[in-house]
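**Student:** start.pdb is reproduced in full below (PDB, C-alpha atoms).
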```pdb
ATOM      1  CA  MET P   1     -57.479  45.473  36.157  1.00  0.00           C
ATOM      2  CA  TYR P   2     -55.740  44.945  32.849  1.00  0.00           C
ATOM      3  CA  GLY P   3     -52.211  44.013  31.914  1.00  0.00           C
ATOM      4  CA  PRO P   4     -50.085  42.788  29.028  1.00  0.00           C
ATOM      5  CA  GLY P   5     -48.316  40.373  31.340  1.00  0.00           C
ATOM      6  CA  GLY P   6     -45.278  42.599  31.725  1.00  0.00           C
ATOM      7  CA  SER P   7     -44.341  45.941  33.193  1.00  0.00           C
ATOM      8  CA  TYR P   8     -47.710  46.693  34.775  1.00  0.00           C
ATOM      9  CA  ASN P   9     -47.330  44.050  37.476  1.00  0.00           C
ATOM     10  CA  VAL P  10     -46.454  46.837  39.945  1.00  0.00           C
ATOM     11  CA  PHE P  11     -50.141  47.791  39.801  1.00  0.00           C
ATOM     12  CA  ALA P  12     -51.366  44.289  40.664  1.00  0.00           C
ATOM     13  CA  GLY P  13     -54.200  44.481  43.141  1.00  0.00           C
ATOM     14  CA  LYS P  14     -54.254  48.300  43.064  1.00  0.00           C
ATOM     15  CA  ASP P  15     -56.359  51.017  41.572  1.00  0.00           C
ATOM     16  CA  ALA P  16     -53.785  53.729  40.855  1.00  0.00           C
ATOM     17  CA  ALA P  17     -56.213  56.133  39.148  1.00  0.00           C
ATOM     18  CA  ARG P  18     -54.755  59.195  40.875  1.00  0.00           C
ATOM     19  CA  GLY P  19     -51.256  58.322  39.630  1.00  0.00           C
ATOM     20  CA  PHE P  20     -52.554  58.127  36.073  1.00  0.00           C
ATOM     21  CA  VAL P  21     -53.774  61.726  36.457  1.00  0.00           C
ATOM     22  CA  THR P  22     -50.823  63.210  38.353  1.00  0.00           C
ATOM     23  CA  GLY P  23     -48.041  61.076  36.893  1.00  0.00           C
ATOM     24  CA  CYS P  24     -46.817  60.353  40.442  1.00  0.00           C
ATOM     25  CA  PHE P  25     -47.254  56.595  40.623  1.00  0.00           C
ATOM     26  CA  ALA P  26     -45.052  56.072  43.693  1.00  0.00           C
ATOM     27  CA  GLU P  27     -46.910  58.641  45.815  1.00  0.00           C
ATOM     28  CA  ASP P  28     -50.341  58.427  44.213  1.00  0.00           C
ATOM     29  CA  SER P  29     -50.970  54.704  43.845  1.00  0.00           C
ATOM     30  CA  THR P  30     -54.532  55.210  45.054  1.00  0.00           C
ATOM     31  CA  PRO P  31     -58.040  55.452  43.597  1.00  0.00           C
ATOM     32  CA  ASP P  32     -58.672  58.666  45.566  1.00  0.00           C
ATOM     33  CA  LEU P  33     -59.139  61.387  42.953  1.00  0.00           C
ATOM     34  CA  ARG P  34     -60.186  64.108  45.407  1.00  0.00           C
ATOM     35  CA  GLY P  35     -58.089  67.183  44.604  1.00  0.00           C
ATOM     36  CA  ALA P  36     -56.359  65.562  41.610  1.00  0.00           C
ATOM     37  CA  GLU P  37     -58.055  68.163  39.398  1.00  0.00           C
ATOM     38  CA  TRP P  38     -55.541  70.729  40.702  1.00  0.00           C
ATOM     39  CA  THR P  39     -53.047  69.026  38.374  1.00  0.00           C
ATOM     40  CA  TYR P  40     -54.845  70.910  35.583  1.00  0.00           C
ATOM     41  CA  ILE P  41     -55.663  74.167  37.379  1.00  0.00           C
ATOM     42  CA  PRO P  42     -53.305  77.086  36.662  1.00  0.00           C
ATOM     43  CA  MET P  43     -51.087  78.287  39.480  1.00  0.00           C
ATOM     44  CA  ASP P  44     -52.573  81.792  39.292  1.00  0.00           C
ATOM     45  CA  VAL P  45     -55.980  80.438  40.389  1.00  0.00           C
ATOM     46  CA  PRO P  46     -56.359  80.800  44.169  1.00  0.00           C
ATOM     47  CA  ASP P  47     -56.717  77.600  46.198  1.00  0.00           C
ATOM     48  CA  PHE P  48     -59.696  77.178  48.536  1.00  0.00           C
ATOM     49  CA  ASP P  49     -57.381  77.815  51.519  1.00  0.00           C
ATOM     50  CA  GLU P  50     -56.325  81.278  50.335  1.00  0.00           C
ATOM     51  CA  PRO P  51     -57.858  84.185  52.262  1.00  0.00           C
ATOM     52  CA  ASP P  52     -59.138  87.402  50.707  1.00  0.00           C
ATOM     53  CA  VAL P  53     -60.291  85.960  47.384  1.00  0.00           C
ATOM     54  CA  SER P  54     -62.399  88.351  45.339  1.00  0.00           C
ATOM     55  CA  GLY P  55     -65.741  87.428  43.835  1.00  0.00           C
ATOM     56  CA  ALA P  56     -64.216  87.440  40.350  1.00  0.00           C
ATOM     57  CA  GLN P  57     -61.407  85.119  41.494  1.00  0.00           C
ATOM     58  CA  LYS P  58     -63.965  82.747  43.063  1.00  0.00           C
ATOM     59  CA  THR P  59     -65.877  82.646  39.775  1.00  0.00           C
ATOM     60  CA  ILE P  60     -62.708  81.886  37.828  1.00  0.00           C
ATOM     61  CA  ARG P  61     -61.776  79.198  40.355  1.00  0.00           C
ATOM     62  CA  GLU P  62     -65.207  77.567  40.041  1.00  0.00           C
ATOM     63  CA  GLN P  63     -64.899  77.555  36.242  1.00  0.00           C
ATOM     64  CA  GLU P  64     -61.357  76.155  36.369  1.00  0.00           C
ATOM     65  CA  VAL P  65     -62.342  73.439  38.858  1.00  0.00           C
ATOM     66  CA  ARG P  66     -65.249  72.345  36.624  1.00  0.00           C
ATOM     67  CA  ARG P  67     -62.979  72.307  33.561  1.00  0.00           C
ATOM     68  CA  ALA P  68     -60.234  70.448  35.454  1.00  0.00           C
ATOM     69  CA  LYS P  69     -62.639  67.781  36.739  1.00  0.00           C
ATOM     70  CA  LYS P  70     -63.641  67.136  33.129  1.00  0.00           C
ATOM     71  CA  ALA P  71     -59.927  66.827  32.281  1.00  0.00           C
ATOM     72  CA  VAL P  72     -59.482  64.276  35.092  1.00  0.00           C
ATOM     73  CA  HIS P  73     -62.424  62.289  33.726  1.00  0.00           C
ATOM     74  CA  ALA P  74     -61.024  62.460  30.184  1.00  0.00           C
ATOM     75  CA  THR P  75     -57.580  61.358  31.400  1.00  0.00           C
ATOM     76  CA  ILE P  76     -58.981  58.350  33.267  1.00  0.00           C
ATOM     77  CA  GLU P  77     -61.134  57.485  30.261  1.00  0.00           C
ATOM     78  CA  GLY P  78     -58.079  57.728  27.988  1.00  0.00           C
ATOM     79  CA  TRP P  79     -56.150  55.265  30.145  1.00  0.00           C
ATOM     80  CA  SER P  80     -59.214  52.998  30.399  1.00  0.00           C
ATOM     81  CA  LYS P  81     -59.558  52.912  26.618  1.00  0.00           C
ATOM     82  CA  MET P  82     -55.883  52.052  26.269  1.00  0.00           C
ATOM     83  CA  PHE P  83     -56.083  49.208  28.762  1.00  0.00           C
ATOM     84  CA  ARG P  84     -59.299  47.922  27.153  1.00  0.00           C
ATOM     85  CA  GLY P  85     -57.257  47.554  23.971  1.00  0.00           C
ATOM     86  CA  ASP P  86     -58.898  50.378  22.015  1.00  0.00           C
ATOM     87  CA  GLY P  87     -55.429  51.620  21.018  1.00  0.00           C
ATOM     88  CA  GLY P  88     -54.532  48.414  19.210  1.00  0.00           C
ATOM     89  CA  LYS P  89     -52.392  46.799  21.909  1.00  0.00           C
ATOM     90  CA  ASP P  90     -53.768  43.682  23.542  1.00  0.00           C
ATOM     91  CA  TYR P  91     -54.367  43.860  27.276  1.00  0.00           C
ATOM     92  CA  PHE P  92     -56.363  41.345  29.211  1.00  0.00           C
ATOM     93  CA  GLU P  93     -58.368  41.577  32.394  1.00  0.00           C
ATOM     94  CA  VAL P  94     -56.681  39.766  35.259  1.00  0.00           C
ATOM     95  CA  GLY P  95     -59.002  40.739  38.085  1.00  0.00           C
ATOM     96  CA  LYS P  96     -61.015  43.443  39.753  1.00  0.00           C
ATOM     97  CA  VAL P  97     -60.126  45.602  42.733  1.00  0.00           C
ATOM     98  CA  LYS P  98     -62.732  45.393  45.497  1.00  0.00           C
ATOM     99  CA  ARG P  99     -63.144  48.058  48.147  1.00  0.00           C
ATOM    100  CA  GLU P 100     -65.013  48.114  51.425  1.00  0.00           C
ATOM    101  CA  GLU P 101     -68.013  50.386  51.645  1.00  0.00           C
ATOM    102  CA  GLY P 102     -67.035  53.838  52.906  1.00  0.00           C
ATOM    103  CA  TRP P 103     -63.355  53.400  51.947  1.00  0.00           C
ATOM    104  CA  LEU P 104     -63.002  56.932  50.577  1.00  0.00           C
ATOM    105  CA  GLU P 105     -64.288  58.669  53.699  1.00  0.00           C
ATOM    106  CA  ARG P 106     -61.655  56.874  55.797  1.00  0.00           C
ATOM    107  CA  LEU P 107     -58.743  58.220  53.735  1.00  0.00           C
ATOM    108  CA  PRO P 108     -57.147  61.578  54.524  1.00  0.00           C
ATOM    109  CA  ARG P 109     -57.317  64.161  51.742  1.00  0.00           C
ATOM    110  CA  ARG P 110     -54.150  64.217  49.688  1.00  0.00           C
ATOM    111  CA  LYS P 111     -52.230  67.217  48.455  1.00  0.00           C
ATOM    112  CA  LEU P 112     -50.770  67.200  44.962  1.00  0.00           C
ATOM    113  CA  CYS P 113     -47.430  65.441  44.724  1.00  0.00           C
ATOM    114  CA  ALA P 114     -44.416  67.649  43.964  1.00  0.00           C
ATOM    115  CA  GLN P 115     -44.217  66.549  40.315  1.00  0.00           C
ATOM    116  CA  ALA P 116     -47.886  67.345  39.633  1.00  0.00           C
ATOM    117  CA  GLN P 117     -47.644  70.649  41.512  1.00  0.00           C
ATOM    118  CA  LYS P 118     -44.573  71.639  39.511  1.00  0.00           C
ATOM    119  CA  GLY P 119     -46.249  70.644  36.224  1.00  0.00           C
ATOM    120  CA  ARG P 120     -49.374  72.734  36.734  1.00  0.00           C
ATOM    121  CA  PRO P 121     -49.989  75.387  34.076  1.00  0.00           C
ATOM    122  CA  LYS P 122     -48.386  78.677  35.080  1.00  0.00           C
ATOM    123  CA  SER P 123     -51.344  80.838  34.141  1.00  0.00           C
ATOM    124  CA  SER P 124     -54.894  80.556  32.898  1.00  0.00           C
ATOM    125  CA  THR P 125     -53.667  81.107  29.345  1.00  0.00           C
ATOM    126  CA  ASN P 126     -51.544  77.912  29.353  1.00  0.00           C
ATOM    127  CA  ALA P 127     -53.255  74.655  28.485  1.00  0.00           C
ATOM    128  CA  ALA P 128     -53.070  71.859  31.049  1.00  0.00           C
ATOM    129  CA  LYS P 129     -51.309  68.680  29.993  1.00  0.00           C
ATOM    130  CA  ASP P 130     -52.467  65.126  30.532  1.00  0.00           C
ATOM    131  CA  ALA P 131     -49.566  63.348  32.277  1.00  0.00           C
ATOM    132  CA  GLY P 132     -50.011  60.199  30.186  1.00  0.00           C
ATOM    133  CA  ALA P 133     -51.235  61.492  26.833  1.00  0.00           C
ATOM    134  CA  GLU P 134     -47.852  61.253  25.165  1.00  0.00           C
ATOM    135  CA  TYR P 135     -47.349  57.700  26.442  1.00  0.00           C
ATOM    136  CA  ARG P 136     -50.741  56.683  25.048  1.00  0.00           C
ATOM    137  CA  GLY P 137     -49.761  58.207  21.693  1.00  0.00           C
ATOM    138  CA  ARG P 138     -51.741  61.426  22.048  1.00  0.00           C
ATOM    139  CA  PRO P 139     -49.878  64.732  22.404  1.00  0.00           C
TER     140      PRO P 139
END
```
Mind turning this structure into structure tokens?
**Tutor:**
Amino acid sequence: MYGPGGSYNVFAGKDAARGFVTGCFAEDSTPDLRGAEWTYIPMDVPDFDEPDVSGAQKTIREQEVRRAKKAVHATIEGWSKMFRGDGGKDYFEVGKVKREEGWLERLPRRKLCAQAQKGRPKSSTNAAKDAGAEYRGRP
């Protein structure tokens, strides 16, 4: 966990990785990234719950999910680089978050928060946006 000694104290003792992807820190102050990739998946891509999905739609969904998972990884890496000080601002490590073995399996699966759902790309032709890129100085 890193911090400049100021405004990040709300994250003390937490891994809020999901919030850094979705932008919903109040609702998503959790390390559980399962389903967070839907932040980057266009609204015209059918969810896994939707019935009557064609083979072509399933293929597109699989491609979009793979692409979106890479976007989640890149977003988390972008925040990690910032907090490591790679962006020029000094942050310092103040501790590490420890979890019990099997912690993830005990958590219920989360749906996207309203803000992340609303911010999803409208169609496959729109590029997905990283919720924190602008803050980190990257459009």
**Student:** Would you kindly return, as an mmCIF file with C-alpha atoms, in the coordinates of the input, each protein, DNA or RNA residue with an atom no farther than 9 Å from any atom of Gly19 in chain P, considering all atoms listed in the file and excluding same-chain residues fewer than 3 positions away?
**Tutor:**
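Below is the file that was written, out26.cif:
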```cif
data_model
loop_
_atom_site.group_PDB
_atom_site.id
_atom_site.type_symbol
_atom_site.label_atom_id
_atom_site.label_comp_id
_atom_site.auth_asym_id
_atom_site.auth_seq_id
_atom_site.Cartn_x
_atom_site.Cartn_y
_atom_site.Cartn_z
ATOM 1 C CA ALA P 16 -53.785 53.729 40.855
ATOM 2 C CA THR P 22 -50.823 63.210 38.353
ATOM 3 C CA GLY P 23 -48.041 61.076 36.893
ATOM 4 C CA CYS P 24 -46.817 60.353 40.442
ATOM 5 C CA PHE P 25 -47.254 56.595 40.623
ATOM 6 C CA ALA P 26 -45.052 56.072 43.693
ATOM 7 C CA GLU P 27 -46.910 58.641 45.815
ATOM 8 C CA ASP P 28 -50.341 58.427 44.213
ATOM 9 C CA SER P 29 -50.970 54.704 43.845
ATOM 10 C CA THR P 30 -54.532 55.210 45.054
ATOM 11 C CA PRO P 31 -58.040 55.452 43.597
#
```
**Student:** Got a sec: who's within 12 Å of range 40-54 of chain P, counting all atoms listed in the file, leaving out chain neighbours fewer than 3 positions off, as JSON, numbers by chain?
**Tutor:** {"P": [21, 22, 35, 36, 37, 57, 58, 59, 60, 61, 62, 63, 64, 65, 66, 67, 68, 69, 70, 71, 72, 73, 74, 75, 111, 112, 116, 117, 118, 119, 120, 121, 122, 123, 124, 125, 126, 127, 128, 129, 130, 131]}
**Student:** Kindly give the distance, in Å, that separates CA of Ile76 in chain P and CA of Leu33 in chain P, rounded to a single decimal.
**Tutor:**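 So the two atoms, CA of Ile76 in chain P and CA of Leu33 in chain P, lie 10.2 Å apart.
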**Student:** Could you check the closest approach to Gly13 in chain P for each of P:Gly85, P:Gly78, P:Gly55, P:Gly95 and tell me which residue wins, using all atoms listed in the file?
**Tutor:**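 The answer is P:Gly95, which sits nearest to Gly13 in chain P.
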**Student:** Please determine an axis-aligned box that encloses all atoms of range 55-59 of chain P listed in the file, with 3 Å added on each side, and express its centre and edge lengths in Å to one decimal as AutoDock Vina command-line options.
**Tutor:**
```
--center_x -63.6 --center_y 85.0 --center_z 41.8 --size_x 10.5 --size_y 10.8 --size_z 10.1
```
**Student:** Measure the distance from CA of Arg99 in chain P to CA of Thr39 in chain P in Å and round it to one decimal.
**Tutor:**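 Going from CA of Arg99 in chain P over to CA of Thr39 in chain P covers 25.2 Å.
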**Student:** What is the distance between CA of Gly102 in chain P and CA of Trp79 in chain P, in Å to one decimal?
**Tutor:**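 CA of Trp79 in chain P lies at a distance of 25.3 Å from CA of Gly102 in chain P.
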